[in-house]
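Remarks on the structure that follows.
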Amino acid sequence: MALIGRALLIMALGTAGFGIGASIHGARTGRREWVDAGRRSVYALAALATIAFAVLEDAFWRNDFSFNVVANHSSTTTPAFYKLAAAWSSQEGSLLLWVFLLSLWSSLILFLVRKRAWEITPYATAVLLGFAAFFTSLAAFWANPFTTSANPPAEGAGLDPLLLHPTMMIHPPMLYSGYTLLTIPFAFAVGALITGRLGAEWISLTRRFALAAWLFLGIGILLGALWSYTELGWGGYWAWDPVENAALMPWLLITAFIHSIMIQEKRGMLKVWNVSLVLGAGTLSILGTFLVRSGILDSIHAFGASTLGVPFVILLAVMVMGSIGLIVWRREQLRSDARLESLLSREAVFLFQNLVLVGMVFVIFWVTFFPLISEALTGTKVSVGPPAFQPFIVPLALILVLLSGIGPIIAWRRVTVANLRRNFALPVTAGLVTLFVLLFWPGGPSSRPFALIMFALAGFVLTSVVQELWRGVAARRAMTHDPVPLALVQLIRRNRRRYGGYTVHAGLAVLLVGVAASSSFQHSDDVILSPGQKAHVDGYTIRYVRPVETVSSQKIGFGAVLDVTKGGKHVTTVTTVRNFYPSQNPADGLIGKFFDTSNADSEVGLDQNLRRNIWTVINAQPTPLAPLINKGNSVFAAYAPQVMTKAAKLPPGQAQSAMNGLWAERDLAVTEIARRFVTHPWPTEFLLIVAPLVSWIWLGALIMGVGGLIALWPVPSFARRRERVASPARPTAPPPVPVREPV
Amino acid sequence: MHVVEYLVIFAILLAVVAFVSAPVRRALAGRSDDAGADQAHAGSLAELEAAREAKYRELRDADLDHRTGKLSDADYDELDRTLRGEAIAIMHDIDRATIDEQ
Amino acid sequence: MDPSRKRAIRLTVALTAAVLLASALVYVSFTAGNKEFTASQLLARGKPGQTYELAGTVLNGSVQRDGTTLMFRIRDPKLPLSVPVRYNGIVPDPFAPGRAVMVAVEKGSAGTAYIGQGNSLTTKCPSKYQAAAAS
């Protein structure tokens, strides 16, 4: 099967190469059959990539350890779900996933636009196939997932225990879907620039894919944050790690693009902005893929230095120079059709929002790459940690939230003072009331001005969104007399982009309230406790009730049951466990391998509600068990060879029984030693955190996701009804004027 | 086992080549699906249709802005007149492009 | 006001804001950053009272715990030497002997270990295990 896999990669590369040539040839000669052949190359590539991916997944499923990637990332004891997901936990498998997803999305859009945009599409096809060829050649020649070994091991190394979490397994496909979807508007932008067809057509073609990229990338980022909070033992959800930033930057740029294209559609403005934003987002998505693999920046995610760095640098250089060259070449066609009439207009707000988002990307990019920049300028790497982001990102985020509240309630082209008074009175009042109430609230956020401002702005934004919904419903009911719930549903159905976007804004406000509150008002304590002892955090008393231990073939867990009270009243009971996974190093000994602290992860003891989170983690170490473990290692080091020698002389059935007996005795010894954590517990370290409104982050993200889906859903077909009304077949009669319909 | 694998590979290769080259082979045999399609003209028409859809959206957005109080009557009337004029101009262009195609 | 003059004013304001932001960013980066040193660079060039980002691999057999204090040595990637670190704070789950780490440290008083700043320890997530041996 590995042979088939390797052949599929070569065929995929050949197909991509042919498709590039066919598409360009078809575009230049105007011969449609070559354009069609180029499009079919994408479909064929998708089929080949799907089969190749299926071959790889089949190898994982069957525990075929002759595949090196299976031997290194899976085992017979890895749970089924994680076996399939382990395919993309490696460099090789993740490259194949990239090709698979890219070819899938490319096939989808080329199928959807097969009867349109004859001039742009062939060049876009060539660009998409170019990306596919790049990643396929990396998989085929540098990091092949189908390499095999002549002497496969009997058992695989298993998956890193930190990855044995559902969110962590879905996080890479979501991120890669976002990255690959970003290549589509990139490709169509390149096609539009090459052909000079820079009107609304390429935007209407690719707007949905840009929105889908935004949605998937956002889900990927959220899942990473959720995994970090619930799985890692540090209690945080965002560390400004270079690889985290690498996913955030294109997401911010595509957010700007999604807003900015509305202005090009309506007014023919900001054309240079739009092509720059989408080309930048596509380039940053490749940069993000590169950062994870190259090891050029110190990151907890970086897989270490690899030879893949050089090809990526070349690709990035081509993308950057090519993008700049194309924009400069087409600068005449990119001139705006109209000018900004007033700073008090929705166009101006969108422009400010673009500036803020690009500013944020610039800050993140600079600080992330500063070690390399400083090394280039001064010869010494200088590392600037998370504190460098705060002075810039916090004010920019506050401005962004403010603009997200102004945007829905300000009109296009220009507003009057009377309009402003009418539309802003209620939201501004709500924001000010929120501000003053919290300012004078006993024990409230008055000591944290930035958090206070964020809460006030959230009040402003949420009120503006509710006001907009209310007025829209009222406008609809004035025409249709629908009941309120029906009017609301119809209003959103018929204006998905608008109200989907407003929903996203509301979600953003909720999310940032969660971020502001949890980061400004968190209390934590790092303590050593014995059973029965207590710690106090932010008015809560956390008592170490009793130790717990779990033993299974996959892991050993040392945990604790913690009882939380406040003011004498019981609040909750949580359990936190530290798990140790067996090592593969023979030097650890037959007993010691099960107590290896280098393969450990934490199960967080978490109690969360809308008001606050109580987050606990135990840092149990098996150090006090060392004498027993060493004794066990010695005993079994002497005993096991005797059993194995005897078993070698027995018939197969009896030999197996003898070995099973040996392992059963070993397991009994391990269980008895582990049990001592409960029978003879020792003082253990705990990290205890109480933080308010953390759940608002996940809730806000969910609301944003729902808003994105609403905006992404296909619009109803009343536009097509207008097409039949406005019949084009009577050139002498004046064309009918578009009719007014219920909103 | 290897023989079977080579056969599978060869079959997939044949399928890919046949599928991808089908339009070119049909054109060479004089059996194109849509002989004589004027791609440049179709492109202009698509561009105009995209512009028309965008203009309709702008009209509806302005209508909703007016109904929800974000545009005064006077501002809305002027904006609506401008947008309808632009929409009519685009529809004139579409008519001309369609006639040219015919 | 003449529209082109308006545009010129807007452009000037926007560019000024951008230049101010960029200048602030450059200033903060150079003043608030810590130099990244390996163990040998730290021993040769580290000054008391300054904080450095120490990058390297945790020396096998050097990890000890004393209450909430973690003590370990970080070895140089090329030279056969290591520096001792005393650290209090969150220890990432993947932390282990032989793993690549980075921690912000300050030189302790003469003869003692470098003091790791709280919650500054990061560990690279291992991407693969060693090849499995027969159990």
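Chains: A, B, ... in order of the structure tokens. Residues: from 1 per chain. Ligands: from 1, in order shown.
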Exercise for the section: Determine, counting only C-alpha atoms, which protein, DNA and RNA residues have an atom within 6 Å of an atom of range 11-21 of chain B; residues of the same chain fewer than 4 positions away are not included. Present the result as a list in words. Expected result: Ala37, Arg40 and Ser41 of chain A
Handout entry: Spatial neighbours of Thr550 in chain A, 10 Å, only C-alpha atoms, chain gap at least 5 places, as a PyMOL selection string
Key = chain A and resi 555-559+577-579+671+674-675
Give me the chain B side of the contact with chain A, cut-off 8 Å, one line per residue showing its nearest atom pair and distance in Å at one decimal, counting only C-alpha atoms, sorted by chain and residue number, as a tab-separated table.
```
residue	atom	partner	partner_atom	distance
B:Glu5	CA	A:Ile4	CA	6.3
B:Tyr6	CA	A:Ile4	CA	7.7
B:Val8	CA	A:Ile4	CA	7.6
B:Ile9	CA	A:Ile4	CA	6.2
B:Leu13	CA	A:Met11	CA	7.2
B:Val16	CA	A:Ala44	CA	6.2
B:Phe19	CA	A:Arg40	CA	7.1
B:Val20	CA	A:Arg40	CA	5.2
B:Ser21	CA	A:Ala37	CA	5.9
B:Ala22	CA	A:Ala37	CA	7.3
B:Pro23	CA	A:Glu33	CA	5.0
B:Val24	CA	A:Glu33	CA	5.2
B:Ala27	CA	A:Glu33	CA	6.5
B:Ser32	CA	A:Glu33	CA	7.6
B:Gln39	CA	A:Trp118	CA	5.8
B:Ala40	CA	A:Glu119	CA	6.9
B:Ala42	CA	A:Trp118	CA	7.3
B:Gly43	CA	A:Ala117	CA	5.4
B:Ala46	CA	A:Arg116	CA	6.7
B:Glu47	CA	A:Glu201	CA	5.2
B:Ala50	CA	A:Glu201	CA	5.6
B:Ala51	CA	A:Ala200	CA	6.2
B:Glu53	CA	A:Ala719	CA	7.2
B:Ala54	CA	A:Glu265	CA	6.0
B:Lys55	CA	A:Lys266	CA	7.0
B:Tyr56	CA	A:Pro738	CA	7.6
B:Glu58	CA	A:Lys266	CA	6.2
B:Arg60	CA	A:Val743	CA	7.2
B:Asp63	CA	A:Val743	CA	7.6
B:Leu64	CA	A:Val743	CA	6.1
B:Asp65	CA	A:Ala411	CA	6.8
B:Arg67	CA	A:Ala475	CA	5.7
B:Thr68	CA	A:Arg471	CA	5.2
B:Gly69	CA	A:Asn419	CA	7.4
B:Lys70	CA	A:Ala411	CA	5.5
B:Leu71	CA	A:Ala411	CA	6.7
B:Ser72	CA	A:Asn419	CA	7.2
B:Arg84	CA	A:Val737	CA	7.2
B:Ile88	CA	A:Val737	CA	7.0
B:Met91	CA	A:Pro735	CA	7.1
B:His92	CA	A:Pro735	CA	7.3
B:Ile94	CA	A:Pro728	CA	7.4
B:Asp95	CA	A:Pro728	CA	5.3
B:Arg96	CA	A:Pro731	CA	7.8
B:Thr98	CA	A:Pro728	CA	7.5
```
Exercise for the section: Find, counting only C-alpha atoms, the residue in A:Phe436, A:Trp682, A:Trp105, A:Trp713 that gets nearest to Tyr499 in chain A. Expected result: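 For Tyr499 in chain A, the nearest of the given residues is A:Trp713.
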Handout entry: Nearest residue to Glu36 in chain C from the set A:Thr565, A:Ser374, A:Asn72, A:Asn599 (distances using only C-alpha atoms)
Key =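 With only C-alpha atoms as the atom set, the closest residue is A:Ser374.
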If we count only C-alpha atoms, which residues of chain A reach to within 8 Å of chain C? Please list them as a compact mmCIF listing (two decimals) with C-alpha atoms, in the first residue's frame.
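Written out: selection-v1.txt:
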```txt
# COMPACT_ATOMS: atom_id res chain seq x y z
CA ALA A 71 5.25 3.61 14.08
CA ASN A 72 6.30 7.04 15.34
CA HIS A 73 2.87 8.49 16.12
CA SER A 89 0.18 15.02 14.20
CA SER A 90 3.34 14.51 12.15
CA PRO A 153 8.57 -2.58 15.29
CA ALA A 154 5.98 -4.72 17.04
CA GLU A 155 4.56 -1.69 18.78
CA GLY A 156 4.37 1.99 17.89
CA ALA A 157 5.54 4.92 19.98
CA GLY A 158 2.01 6.21 20.51
CA LEU A 159 0.67 9.72 20.36
CA ASP A 160 2.09 12.46 22.58
CA LEU A 232 -2.27 22.40 29.77
CA GLY A 233 -1.30 23.02 33.35
CA TRP A 234 -0.83 26.78 33.25
CA ASP A 298 11.37 29.59 19.63
CA SER A 299 7.88 28.38 20.13
CA ILE A 300 6.26 25.66 22.14
CA HIS A 301 4.67 24.55 18.87
CA ALA A 302 7.76 24.50 16.70
CA PHE A 303 8.74 21.04 15.59
CA VAL A 363 2.36 45.04 16.06
CA VAL A 367 6.99 41.59 18.16
CA PHE A 370 11.67 40.75 16.68
CA THR A 380 22.02 39.47 19.13
CA LYS A 381 18.60 37.86 19.40
CA VAL A 382 16.37 39.93 21.65
CA SER A 383 13.19 38.32 22.88
CA VAL A 384 10.18 40.48 23.64
CA GLY A 385 7.58 38.60 25.61
CA ALA A 388 5.26 44.04 24.90
CA PHE A 392 -0.47 48.36 21.86
CA ASP A 526 0.74 28.02 44.01
CA VAL A 527 0.68 25.93 47.21
CA ILE A 528 1.89 22.70 48.75
CA GLN A 584 9.72 3.44 25.68
CA ASN A 585 13.20 3.84 27.15
CA PRO A 586 14.53 0.46 28.47
CA THR A 597 7.63 12.23 34.48
CA SER A 598 8.74 13.26 30.98
CA ASN A 599 5.55 11.80 29.48
CA ALA A 600 2.96 13.45 31.65
CA ASP A 601 -0.08 15.62 31.26
CA SER A 602 -2.65 17.20 33.54
CA GLU A 685 1.92 21.05 44.77
CA LEU A 687 -1.93 25.62 41.21
```
Exercise for the section: Please report, as an NGL selection string, each residue of range 112-275 of chain A to which DSSP assigns helix (DSSP H, G or I) when run on this structure's backbone. Expected result: :A and (112 or 120-142 or 161-163 or 166-195 or 201-231 or 242-267 or 271-275)
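Once Ala87 in chain A and its same-chain neighbours fewer than 2 positions away are set aside, Leu56, Glu57, Phe60, Val69, Val70, His73, Lys83, Leu84, Ala85, Ser89, Ser90, Gly93 and Ser94 of chain A remain within 8 Å of it when counting only C-alpha atoms.
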Exercise for the section: Using CA of Leu97 in chain A and CA of Ser228 in chain A as the two end points, give the distance in Å to one decimal. Expected result: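 Computing it gives 22.9 Å between the two atoms.
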Non-local contacts of range 630-638 of chain A (7 Å; only C-alpha atoms; under 5 positions in same chain excluded) as a PDB file with C-alpha atoms, in the first residue's frame:
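Dumped to result03.pdb:
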```pdb
ATOM      1  CA  GLY A 589      13.314  -0.183  33.989  1.00  0.00           C
ATOM      2  CA  LEU A 590      10.321  -2.487  33.844  1.00  0.00           C
ATOM      3  CA  ILE A 591       8.633  -0.720  36.767  1.00  0.00           C
ATOM      4  CA  GLY A 592      10.088   2.767  36.391  1.00  0.00           C
TER       5      GLY A 592
END
```
Handout entry: Interatomic distance (Å, one decimal) between CA of Ala655 in chain A and CA of Trp61 in chain A
Key = 29.1 Å
Exercise for the section: In Å, rounded to a single decimal, give me how far CA of Glu549 in chain A is from CA of Glu603 in chain A. Expected result: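 Going from CA of Glu603 in chain A over to CA of Glu549 in chain A, I get 12.6 Å.
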I'd like the contact shell of Asp80 in chain B - 9 Å cut-off, only C-alpha atoms, skipping same-chain residues fewer than 5 positions apart - returned as a PDB file with C-alpha atoms, in the first residue's frame.
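Below you can see selection-v6.pdb, which holds the result:
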```pdb
ATOM      1  CA  LEU B  59     -30.674  49.740  -2.964  1.00  0.00           C
ATOM      2  CA  ALA B  62     -30.436  51.992   1.663  1.00  0.00           C
ATOM      3  CA  ASP B  63     -34.124  51.117   1.941  1.00  0.00           C
ATOM      4  CA  ASP B  75     -31.121  61.971   2.111  1.00  0.00           C
ATOM      5  CA  GLY B  85     -30.009  55.814 -11.979  1.00  0.00           C
TER       6      GLY B  85
END
```
Exercise for the section: Excluding range 608-619 of chain A and residues on its chain fewer than 4 positions from it, collect all residues at most 6 Å away from it, counting only C-alpha atoms, and give them as a list in words. Expected result: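 Once the adjacent positions are removed, what remains is Thr576, Val604, Glu685, Phe686, Leu687, Leu688, Ile689, Val690, Ala691, Pro692, Leu693 and Ser695 of chain A.
When only C-alpha atoms are used to compute distances to Leu226 in chain A, the closest of the residues A:Lys271, A:Arg477, A:His171, A:Arg208 turns out to be A:His171.
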Excluding Leu403 in chain A and any residue of its chain fewer than 4 positions from it, enumerate the residues within 10 Å of it, using only C-alpha atoms, and give them as a PDB file with N, CA and C atoms, in the first residue's frame.
```
ATOM      1  N   ARG A 346     -20.291  55.326   7.200  1.00  0.00           N
ATOM      2  CA  ARG A 346     -19.901  53.940   7.435  1.00  0.00           C
ATOM      3  C   ARG A 346     -18.614  53.613   6.677  1.00  0.00           C
ATOM      4  N   VAL A 349     -15.821  54.585   8.848  1.00  0.00           N
ATOM      5  CA  VAL A 349     -15.670  53.651   9.974  1.00  0.00           C
ATOM      6  C   VAL A 349     -14.962  52.384   9.517  1.00  0.00           C
ATOM      7  N   PHE A 350     -15.356  51.871   8.332  1.00  0.00           N
ATOM      8  CA  PHE A 350     -14.699  50.669   7.818  1.00  0.00           C
ATOM      9  C   PHE A 350     -13.222  50.947   7.538  1.00  0.00           C
ATOM     10  N   PHE A 352     -11.324  53.168   9.091  1.00  0.00           N
ATOM     11  CA  PHE A 352     -10.626  53.213  10.381  1.00  0.00           C
ATOM     12  C   PHE A 352     -10.415  51.798  10.906  1.00  0.00           C
ATOM     13  N   GLN A 353     -11.445  50.962  10.741  1.00  0.00           N
ATOM     14  CA  GLN A 353     -11.338  49.585  11.222  1.00  0.00           C
ATOM     15  C   GLN A 353     -10.219  48.854  10.485  1.00  0.00           C
ATOM     16  N   VAL A 356      -7.013  49.971  12.012  1.00  0.00           N
ATOM     17  CA  VAL A 356      -6.794  49.379  13.336  1.00  0.00           C
ATOM     18  C   VAL A 356      -6.358  47.919  13.198  1.00  0.00           C
ATOM     19  N   ALA A 397      -7.535  47.183  20.540  1.00  0.00           N
ATOM     20  CA  ALA A 397      -8.728  46.349  20.706  1.00  0.00           C
ATOM     21  C   ALA A 397      -9.905  47.181  21.197  1.00  0.00           C
ATOM     22  N   LEU A 398      -9.637  48.124  22.076  1.00  0.00           N
ATOM     23  CA  LEU A 398     -10.717  48.998  22.560  1.00  0.00           C
ATOM     24  C   LEU A 398     -11.289  49.831  21.405  1.00  0.00           C
ATOM     25  N   ILE A 399     -10.408  50.344  20.577  1.00  0.00           N
ATOM     26  CA  ILE A 399     -10.878  51.133  19.424  1.00  0.00           C
ATOM     27  C   ILE A 399     -11.680  50.240  18.481  1.00  0.00           C
ATOM     28  N   GLY A 407     -20.301  51.022  13.678  1.00  0.00           N
ATOM     29  CA  GLY A 407     -20.578  50.543  12.317  1.00  0.00           C
ATOM     30  C   GLY A 407     -22.036  50.203  12.046  1.00  0.00           C
ATOM     31  N   PRO A 408     -22.689  49.398  12.894  1.00  0.00           N
ATOM     32  CA  PRO A 408     -24.083  49.025  12.604  1.00  0.00           C
ATOM     33  C   PRO A 408     -25.069  50.177  12.624  1.00  0.00           C
ATOM     34  N   LEU A 457     -17.785  49.784  26.697  1.00  0.00           N
ATOM     35  CA  LEU A 457     -17.898  49.665  25.243  1.00  0.00           C
ATOM     36  C   LEU A 457     -18.759  48.464  24.867  1.00  0.00           C
ATOM     37  N   VAL A 461     -21.915  48.436  22.411  1.00  0.00           N
ATOM     38  CA  VAL A 461     -22.026  47.580  21.220  1.00  0.00           C
ATOM     39  C   VAL A 461     -23.290  46.730  21.275  1.00  0.00           C
ATOM     40  N   HIS A 505     -20.420  40.989  15.739  1.00  0.00           N
ATOM     41  CA  HIS A 505     -19.986  42.115  16.570  1.00  0.00           C
ATOM     42  C   HIS A 505     -20.406  41.911  18.019  1.00  0.00           C
TER      43      HIS A 505
END
```
